[in-house]
Amino acid sequence: MEDKNKFVKEVAEKKYEYGFTSDIQTEIIEKGLNEDVVRLISSKKEEPEWLLEFRLKAFRYWQTQEQPEWGHLKMPEIDYQAISYYADPTKGNKKDGSKSLDDIDPELMKTFDKLGIPLEERLALSGTAVDAVLDSVSVKTTFKEKLSERGIIFCSISEAVREYPDLVRQYIGSVVPYRDNYFAALNSAVFSDGSFVYIPKGVRCPMELSTYFRINARNTGQFERTLIVCDDGGYVSYLEGCTAPMRDENQLHAAIVEIVVGANAEVKYSTVQNWYPGDAEGKGGVLNLVTKRGHLRGANSKLSWTQVETGSAITWKYPSCILSGENSQAEFYSVAVTNNYQQADTGTKMIHLGRNTRSTIISKGISAGKSQNSYRGLVRVAPSAEGARNYSSCDSLLLGSTCGAHTFPYMDIHNDSAIVEHEATTSKISEEQLFYCNQRGIPTEEAVGLIVNGYAKDVINKLPMEFAVEAQKLLSVSLEGTVG
Amino acid sequence: MLEIKDLHAVINGKEILKGINLTVRPGEIHALMGQNGAGKSTLSNVLVGNPAYEVTQGSVLFNGKDLLAMKPEERAHEGLFLSFQQPVEIPGVSMVNFMRAALNAKRKYQGLEPMNAGDFLKLMREKRKIVELDSKLANRSVNEGFSGGEKKRNEIFQMAMLEPTLSILDETDSGLDVDALRIVAEGFNKLRTPQTSALVITHYQRLLDYLKPDVVHVLLGGRIVKTGGPELALEIENKGFDWIKAETESLQGI
Amino acid sequence: MNSEQQYIDLFTQCRDMIDRHSAPLLNGQRQKAFEEFCRQGFPSKKVERYKYTDLAEAFAPDFGLNLNRLEIPVNPYEAFKCDVPNLSTSLYFLVNDAFYEKALPAVSLPEGVVVCSLKQAAEFYPELVASRYAHLARVEKDAINALNTMLAQDGLFVYVPDGVVLDRALQIVTILRSDVDLMVNRRVLIVLGKRAEAKILFCDHAANDRQFLTTQVVEVYAAEGAHLELYDLEETHARNRRFSNVYIDQAADSSVTSANITLLGGLTRNRTDVTLSGVRAEVNLYGCVVGDKEQHVDNNTLIDHRAEYGTSNQLYKYVLDDRATGAFAGRILVRENAQHSVSNERNANLCSTKEAHMYTQPMLEIYADDVKCSHGATVGQLDEQALFYMQQRGISREEARMLLKFAFVGEVIDAIALEALRDRLHHLVEKRFRGELSRCAGCRLCPPEL
C-alpha cells in the first residue's frame with residue numbers, strides 16, 4: 001500500500017514532462033492555405049492524381065463552410081493562414097523516402113527515446129508494433145516484416161498510398177466523407193501522415209499495433225489520418241498516443257480516424273491523449289479537433305473505443321460507430337480529465353441501423369481548476385434497427401467549485417422494439433471517503449488520486465496493460481494541485 | 001383431467017423435455033421431484049403456455065380440450081393456475097385492479113356479468129384471511145416490495161380468488177421459513193375440494209408432509225423415470241437422487 | 001418560407017386596433033417585442049431549444065385574429081362538464097384569450113385575492129402588474145415571447161397577497177371557440193405573496209373543430225415561502241396547435257409544483273422555465289403525455305439553480321402510439337454559487353408502434369461542485385414477464401398491456417398532491433387509453449373525433 005502511495009505521490013508532483021522541444025532539422029513549408037499548398041503537399045508526397053483530386057474537392061468544400069460553434073466550448077480564433085501545413089523532420093539530412101534506423105536523425109531518435117517509445121525493435125518490451133509520427137511525417141514503423149508474414153499491413157498512410165493504392169482508394173473517406181464536418185474537410189484537404197492497417201480475412205493480429213503522434217515544429221498543424229480496415233473474421237487491437245512540446249501559442253491538431261469492420265471481425269481502438277494542455281494560466285496548448293468513426297459493416301462485428309483524454313487545451317471529438325451489420329456490437333469507454341483552463345467536449349454517437357445491434361457507453365468526466373468538461377452523445381435507433389439496445393452511463397466528478405461538468409445526451413428513437421437507457425450523475429468526492437483515507441494516514445492529495453483512479457477504473461481496465469499504467473499516471477499528473 | 005402424452009419442449013434451441021407422459025385425475029395431488037435442470041419448471045411453464053418455450057412434439061389434454069392450442073389466458077380461464085417460482089413485480093398496477101381484471105376476465109369467459117365493486121372487495125377480504133395476507137399488501141402494487149414469503153402467500157391468495165381446478169405449485173416452498181410454509185400449505189389445503197387437483201414441484205419432503213400427495217414422480221433428464229406412492233418422496237428425502245439415477249442408467253443399459 | 005412576414009404586416013397595419021382594445025401597460029411593451037420579433041424571426045430547427053418542433057411551419061397558415069374583441073357567443077357552462085368530482089373549485093372561464101365576466105363563482109375569495117382579466121388588472125392594480133409583466137418572459141430570449149407580447153391584448157391575472165391561503169383550488173377553463181380558423185395570444189400573470197398558498201388548475205379545451213393556434217405566455221412569481229401547485233390539462237383536438245411558455249421565478253423557501261398533462265391535442269409545445277432565485281427553493285415538474293395518431297408533443301424545460309440548497313425534481317412520461325412524435329429536452333443549470341443543490345430528472349417513454357418516434361435529451365450543466373444531480377432517460381417496451389404473469393391469471397394480453405400502460409403513466413399522476421384531481425386524471429387517462437376519450441371528457445360542445 002505504502003509503495004503504491006509513494007508512486008502516486010511521485011507522479012503527482014510531475015509537471016507536463018513531455019513539454020520539451022527537439023532541435024531537429026525540419027523542412028517546413030510556407031505558412032498559409034490555398035490550392036497551391038494542397039497541390040504542394042500532394043506533390044511532396046508524390047501522390048497519384050486521384051488523391052490530389054480528393055484533396056482539392058475537400059479543400060473547395062471547406063472554403064464554403066464556417067467553423068462550427070455548437071460545442072460547449074470557447075474556441076480561440078484560429079487563423080488558418082498562420083499555420084504551416086507541412087513539416088518534415090526526416091528531410092533534414094536525407095532525400096529519399098527509405099527510413100532505416102541508421103538514416104534517422106539522432107536527435108529524432110532521442111526525441112522518441114525521451115518519450116519512452118522504442119523505435120528499435122530489440123528495445124520493444126511488450127511486442128507492440130509502433131508507427132511513430134512526428135509533425136507531418138511517419139518516421140519509423142517497427143515489426144513490419146513480422147506482421148507482413150501474416151498478410152497484415154501496418155505502415156504509414158503515405159506508404160500505403162504508394163504500395164496499396166487500391167485498398168486506400170477503396171476505403172479512404174468511406175466512413176468519414178470530407179463533407180462530414182468543417183475539420184474533416186480541412187483534414188481531407190491537407191492531411192499529412194498517419195497509419196494504415198489492413199487485417200486480412202480470418203487473421204488475428206498477434207501484437208498490439210500502436211501509433212505515437214508528436215507535434216514538434218513551431219506553428220505547424222498536425223493533420224494525421226488513420227485508416228484501419230479489418231476484414232471478415234479479423235481481429236486487431238490498436239493504440240494511439242500523443243504528446244506535444246510546451247508552446248505559448250495554440251497548436252492545431254485536426255485528425256481523422258476511419259475504421260471499417262467486416263463480418264465477425266473485431267477492432268479495439270485505444271487512445272491515451274496527452275497533448276500539451278497549455279499552462280496553468282490557459283496559455284497555449286493543443287486544439288484537438290478530431291473526427292473518429294467506425295463502420296461496423298458486417299454481421300456480428302465488434303468495435304470498441306477506449307479513450308483517456310488528459311491533454312489538449314480544447315478537445316472536440318466524438319468517436320462514433322455506425323452499426324449496420326446485424327448483431328454488431330459497439331462500445332465506448334471514456335475518461336476525460338480537465339484541469340486549469342482546459343475544455344473538453346467529447347462523447348460518442350451510436351447510430352443503430354442493423355437488427356439486434358447493441359451499444360454501450362461508459363463515460364467518466366473529471367473536472368478541476370477552471371476547466372469545463374462536457375459529455376455530448378447521440379444514440380439513434382433507425383426504423384430498420386429492430387431489437388436494438390443501448391445502455392449509457394455518464395458520470396461527472398467535480399474537484400473544486402470553479403469548474404464545470406456537463407452532460408448533453410441525445411436519444412432519437414425510431415423503432416418500437418428498441419430499449420435505450422441513459423443514466424447520469426454528477427457529484428464530488430465525498431468528504432467521508434477523504435476522511436476515511438486521512439484516518440488511515442493517506443494525505444488528501446494522494447487520497448484524491450486514489451479515489452479518482454478508482455472512479456475511472458471501469459474505463460482504465462479496458463486498456464491494454466502498459467497503456468493502463470500510463471493512463472493512471474496521467475490521471476494523477478493532470479490533477480496535480482487541485483486540492484487546496 | 002390432465003393428460004400429457006410424449007411431450008417434448010425446447011428453450012433457446014435446447015431440448016429440455018424429452019417425452020413426458022403424465023395423467024392427473026380429479027382430486028389427485030401429484031408431486032414432481034427431481035434435481036435442478038431436470039425439467040420441472042420447464043414442464044410447468046409449457047403447461048401454462050409461456051411463449052419462451054416451444055413444444056416440438058406431443059399433446060396435452062385438459063378436461064378433454066387441447067391445452068396447447070389455447071392462449072395463456074384461456075388456459076387460466078379453463079382452470080389452470082401456476083404459482084410461480086419467482087413471481088414478477090409489476091410496479092404501478094395495484095393488486096385490487098389486477099385481481100379485478102383477472103376475475104372479471106374469467107367471469108366473462110364463463111358468460112357471467114362482471115362482479116360489482118362491493119362484492120369484489122368483500123371477496124378479496126374473505127380470501128385474504130386464508131393466507132393471512134395483510135390488507136396493506138393487497139393495496140400495494142403486484143408483488144412490488146413483497147418479501148419472498150409474502151410473494152408466495154400472494155400467489156396462494158390469487159389461487160383462492162380464481163378457484164382453479166388444477167394448480168401447479170412451482171417450488172412454492174423455496175425460501176419460506178417454517179411458519180410461512182405452514183400458512184401457505186394450510187391455505188392450500190383449505191382450498192381443496194374433491195374436484196381440484198394439483199401438481200406440486202418441490203425438492204423437499206416438508207411441503208409434502210402438509211399436502212399429502214397421492215402420486216410421486218421423479219423427473220430426470222427431461223423424462224419421468226420413476227413413479228410411486230408417498231413413500232417414494234420419503235425415500236428420496238433419505239437417500240437423495242443418485243440411486244434413482246443409477247437405477248435408470250442400469251435399466252437403460254448404460 | 002417566410003412565416004414571419006404576415007405577423008409583421010399584421011402588427012404594422014393593426015397596431016391601433018390592438019392598442020385600443022388593450023391596456024396601456026401591455027401596449028407599452030409592444031414596440032420592443034415587435035423589434036425583437038423582426039430581429040429574431042422564428043427560430044429554425046437548428047436552434048437547440050426548437051430542435052424538435054418546426055415553428056415556421058406551425059405559424060405559416062393564415063389564421064384569423066379577434067383583435068377587435070368581438071364577443072364570441074358561447075355559454076361556458078354548457079360547454080363545460082369537465083368538473084372534478086369531490087373537488088370544490090372556484091371556477092373561471094377564459095374564452096379564447098378573454099376573461100369571461102358573465103360567469104363568476106358564487107363563493108367569494110378571501111380578502112385581497114384578485115382573479116380577473118389581465119387588462120383590467122393593468123388598469124386597477126398597475127403597481128402589481130407593471131413591475132412584473134414581461135419581466136420573466138423576456139422578448140429577447142424567445143420568439144414566442146416576442147410574438148405573444150406584441151399581439152396579446154388580454155388574459156388572466158391572479159394575485160394572492162402575503163400570508164393568504166386559498167383553500168379552494170382555482171379552476172380556469174380555457175375554451176377555444178371560433179367560426180373561422182383562429183389564432184389566440186393569451187397572457188397570464190400569477191403573483192403569490194410571501195407565504196401565500198394557491199392551487200390552480202388550467203383545463204384547456206377546444207369547443208369546436210376549427211383550427212386553432214394558441215400562444216400562451218404565463219409568468220409566475222412565488223415570493224418567500226409561497227406555495228403553488230399549477231396543473232395544466234390539455235384535452236383539445238388534432239387541429240389545435242398550442243405553444244405555451246411558462247416562466248416561474250421562486251424566492252427563498254418557496255415551493256412550486258407544475259404539471260403538464262397532455263391527453264389530446266394536435267401540436268403541443270410546452271416550455272417551462274424555472275429560476276430558483278432564493279435559497280431552499282423547491283420545484284417539481286411533472287409531465288404526462290398520451291399521444292397517438294399524428295400528435296406531436298414537445299416538452300422543453302430549464303431549471304436554473306441560482307441559489308444555495310435548491311431542490312428540483314422532474315418526471316416526464318410518454319406513451320406514444322400510431323405515428324405520434326414525442327420530444328423531451330430537460331436542461332438543468334447549476335450556477336457557481338448554487339452549492340448544495342439537489343436535482344433529479346427522469347424521462348421514461350414507451351413507443352407502441354414502429355412509426356412512433358421519441359426524442360429525449362436530458363442536459364446537465366453544472367458549475368458548482370457540492371451538488372447532487374442525476375438524470376435518467378429510457379425508451380422501451382412493456383415488460384414481457386409481467387404481461388405473461390397477467391395472462392396466466394386470465395387477463396387478456398390486450399387488457400394486460402392496458403393495465404401496464406396505465407401503471408406506467410400512473411407514476412406521474414400519483415405525484416399530484418390534489419387527491420380529487422389525481423382520481424379524476426387516473427380516470428381520464430384510462431378512458432384515453434381505451435379510446436373512449438375521442439371527445440374531451442364530457443364537453444357537450446366538443447366535436448366528435450375528427
# chains A, B, ... in the order shown; residues from 1 in each chain; ligands from 1

$ interface_residues --of "chain C" --to "chain A" --cutoff "8 Å" --atoms "only C-alpha atoms" --output "PyMOL selection string"
chain C and resi 336+350-381

$ residues_around --residues "Ile156 of chain B" --least-positions-apart "6" --cutoff "10 Å" --atoms "only C-alpha atoms" --output "PDB file with C-alpha atoms, in the first residue's frame"
ATOM      1  CA  PHE B  81     -53.186 -21.894 -12.257  1.00  0.00           C
ATOM      2  CA  LEU B  82     -49.444 -21.619 -11.778  1.00  0.00           C
ATOM      3  CA  SER B  83     -47.954 -20.469  -8.545  1.00  0.00           C
ATOM      4  CA  LYS B 127     -59.883 -14.809   0.647  1.00  0.00           C
ATOM      5  CA  ARG B 128     -57.115 -12.757   2.134  1.00  0.00           C
ATOM      6  CA  ILE B 130     -56.965 -17.827   4.100  1.00  0.00           C
ATOM      7  CA  VAL B 131     -53.295 -16.988   3.750  1.00  0.00           C
ATOM      8  CA  LEU B 133     -52.323 -11.698   3.863  1.00  0.00           C
ATOM      9  CA  GLU B 150     -45.218 -12.553   1.050  1.00  0.00           C
ATOM     10  CA  LEU B 162     -59.590 -17.572  -9.049  1.00  0.00           C
ATOM     11  CA  SER B 167     -52.953 -25.808  -9.614  1.00  0.00           C
ATOM     12  CA  LEU B 169     -47.108 -25.164  -7.313  1.00  0.00           C
ATOM     13  CA  THR B 172     -43.744 -22.719  -3.634  1.00  0.00           C
ATOM     14  CA  ILE B 183     -49.543 -20.810   6.322  1.00  0.00           C
ATOM     15  CA  VAL B 184     -49.128 -21.428   2.621  1.00  0.00           C
ATOM     16  CA  ALA B 185     -49.702 -25.176   2.860  1.00  0.00           C
ATOM     17  CA  GLY B 187     -54.090 -22.177   2.919  1.00  0.00           C
ATOM     18  CA  PHE B 188     -53.791 -24.520   0.007  1.00  0.00           C
ATOM     19  CA  LEU B 191     -58.958 -24.528  -0.879  1.00  0.00           C
TER      20      LEU B 191
END

$ interface_residues --of "chain B" --to "chain C" --cutoff "7 Å" --atoms "only C-alpha atoms" --output "NGL selection string"
:B and (48 or 50 or 72-74 or 76-77 or 81 or 88 or 90 or 92-93 or 101-102 or 105-106)

$ write_last_selection --atoms "all heavy atoms" --output "compact mmCIF listing (two decimals), in the first residue's frame"
# COMPACT_ATOMS: atom_id res chain seq x y z
N VAL B 48 -48.59 -23.84 -18.85
CA VAL B 48 -49.35 -22.59 -18.80
C VAL B 48 -49.11 -21.72 -20.03
O VAL B 48 -49.67 -20.64 -20.15
CB VAL B 48 -49.08 -21.79 -17.51
CG1 VAL B 48 -49.54 -22.57 -16.30
CG2 VAL B 48 -47.61 -21.40 -17.40
N ASN B 50 -46.08 -20.43 -21.50
CA ASN B 50 -45.06 -19.38 -21.59
C ASN B 50 -44.45 -19.37 -22.99
O ASN B 50 -43.92 -20.38 -23.46
CB ASN B 50 -43.98 -19.65 -20.54
CG ASN B 50 -43.00 -18.50 -20.43
OD1 ASN B 50 -42.77 -17.79 -21.41
ND2 ASN B 50 -42.44 -18.30 -19.25
N PRO B 72 -52.47 -18.37 -23.19
CA PRO B 72 -52.24 -18.49 -21.75
C PRO B 72 -53.48 -18.11 -20.93
O PRO B 72 -53.82 -18.79 -19.97
CB PRO B 72 -51.10 -17.51 -21.48
CG PRO B 72 -50.38 -17.40 -22.77
CD PRO B 72 -51.40 -17.59 -23.84
N GLU B 73 -54.15 -17.03 -21.33
CA GLU B 73 -55.30 -16.59 -20.53
C GLU B 73 -56.47 -17.57 -20.64
O GLU B 73 -57.22 -17.75 -19.69
CB GLU B 73 -55.71 -15.16 -20.87
CG GLU B 73 -56.10 -14.90 -22.32
CD GLU B 73 -54.94 -14.39 -23.15
OE1 GLU B 73 -53.79 -14.83 -22.91
OE2 GLU B 73 -55.17 -13.55 -24.05
N GLU B 74 -56.59 -18.21 -21.82
CA GLU B 74 -57.67 -19.19 -21.95
C GLU B 74 -57.40 -20.40 -21.05
O GLU B 74 -58.31 -20.95 -20.44
CB GLU B 74 -57.79 -19.65 -23.41
CG GLU B 74 -58.37 -18.58 -24.30
CD GLU B 74 -58.21 -18.89 -25.80
OE1 GLU B 74 -57.52 -19.88 -26.13
OE2 GLU B 74 -58.74 -18.14 -26.59
N ALA B 76 -55.93 -20.25 -18.27
CA ALA B 76 -56.29 -19.81 -16.93
C ALA B 76 -57.80 -19.88 -16.75
O ALA B 76 -58.30 -20.36 -15.73
CB ALA B 76 -55.79 -18.40 -16.69
N HIS B 77 -58.53 -19.41 -17.76
CA HIS B 77 -59.99 -19.44 -17.65
C HIS B 77 -60.52 -20.85 -17.54
O HIS B 77 -61.54 -21.10 -16.90
CB HIS B 77 -60.62 -18.77 -18.88
CG HIS B 77 -60.25 -17.33 -19.01
ND1 HIS B 77 -60.22 -16.66 -20.22
CD2 HIS B 77 -59.88 -16.42 -18.09
CE1 HIS B 77 -59.85 -15.41 -20.02
NE2 HIS B 77 -59.63 -15.25 -18.73
N PHE B 81 -53.83 -22.97 -13.00
CA PHE B 81 -53.19 -21.89 -12.26
C PHE B 81 -51.75 -22.29 -11.93
O PHE B 81 -51.49 -23.40 -11.49
CB PHE B 81 -53.95 -21.64 -10.95
CG PHE B 81 -53.38 -20.53 -10.12
CD1 PHE B 81 -53.86 -19.23 -10.25
CD2 PHE B 81 -52.35 -20.76 -9.20
CE1 PHE B 81 -53.34 -18.19 -9.49
CE2 PHE B 81 -51.83 -19.74 -8.44
CZ PHE B 81 -52.32 -18.45 -8.58
N VAL B 88 -43.27 -12.19 -10.66
CA VAL B 88 -42.70 -10.94 -11.17
C VAL B 88 -43.32 -9.75 -10.45
O VAL B 88 -44.47 -9.80 -10.02
CB VAL B 88 -42.92 -10.85 -12.70
CG1 VAL B 88 -44.39 -10.74 -13.03
CG2 VAL B 88 -42.14 -9.71 -13.31
N ILE B 90 -44.83 -6.05 -10.58
CA ILE B 90 -45.46 -5.19 -11.59
C ILE B 90 -45.73 -3.82 -10.98
O ILE B 90 -46.80 -3.57 -10.44
CB ILE B 90 -46.77 -5.81 -12.14
CG1 ILE B 90 -46.54 -7.29 -12.50
CG2 ILE B 90 -47.24 -5.04 -13.36
CD1 ILE B 90 -47.77 -7.99 -13.01
N GLY B 92 -46.79 -0.20 -10.10
CA GLY B 92 -47.84 0.70 -10.57
C GLY B 92 -49.19 0.04 -10.79
O GLY B 92 -50.20 0.73 -10.92
N VAL B 93 -49.23 -1.30 -10.83
CA VAL B 93 -50.52 -1.97 -11.00
C VAL B 93 -50.94 -2.50 -9.63
O VAL B 93 -50.27 -3.36 -9.07
CB VAL B 93 -50.42 -3.13 -12.02
CG1 VAL B 93 -51.73 -3.88 -12.10
CG2 VAL B 93 -50.01 -2.61 -13.38
N ALA B 101 -59.39 -7.37 -12.71
CA ALA B 101 -59.26 -7.64 -14.14
C ALA B 101 -59.23 -9.14 -14.40
O ALA B 101 -59.87 -9.64 -15.32
CB ALA B 101 -58.00 -6.97 -14.68
N ALA B 102 -58.50 -9.87 -13.54
CA ALA B 102 -58.36 -11.31 -13.73
C ALA B 102 -59.70 -12.01 -13.51
O ALA B 102 -60.13 -12.85 -14.30
CB ALA B 102 -57.29 -11.86 -12.79
N ALA B 105 -62.30 -11.18 -16.16
CA ALA B 105 -61.99 -11.81 -17.45
C ALA B 105 -62.49 -13.26 -17.43
O ALA B 105 -63.05 -13.76 -18.40
CB ALA B 105 -60.49 -11.77 -17.71
N LYS B 106 -62.31 -13.91 -16.29
CA LYS B 106 -62.77 -15.30 -16.18
C LYS B 106 -64.28 -15.37 -16.22
O LYS B 106 -64.86 -16.22 -16.89
CB LYS B 106 -62.23 -15.91 -14.88
CG LYS B 106 -62.64 -17.35 -14.72
CD LYS B 106 -61.92 -18.03 -13.59
CE LYS B 106 -62.34 -19.50 -13.56
NZ LYS B 106 -61.57 -20.27 -12.61

$ residues_around --residues "Glu3 of chain B" --least-positions-apart "2" --cutoff "7 Å" --atoms "only C-alpha atoms" --output "number ranges by chain"
B: 1, 5, 22-24, 60-62

$ atom_distance --atom1 "atom CA of Ala56 of chain C" --atom2 "atom CA of Val188 of chain C"
24.2 Å

$ atom_distance --atom1 "atom CA of Asp167 of chain C" --atom2 "atom CA of Arg195 of chain C"
13.6 Å
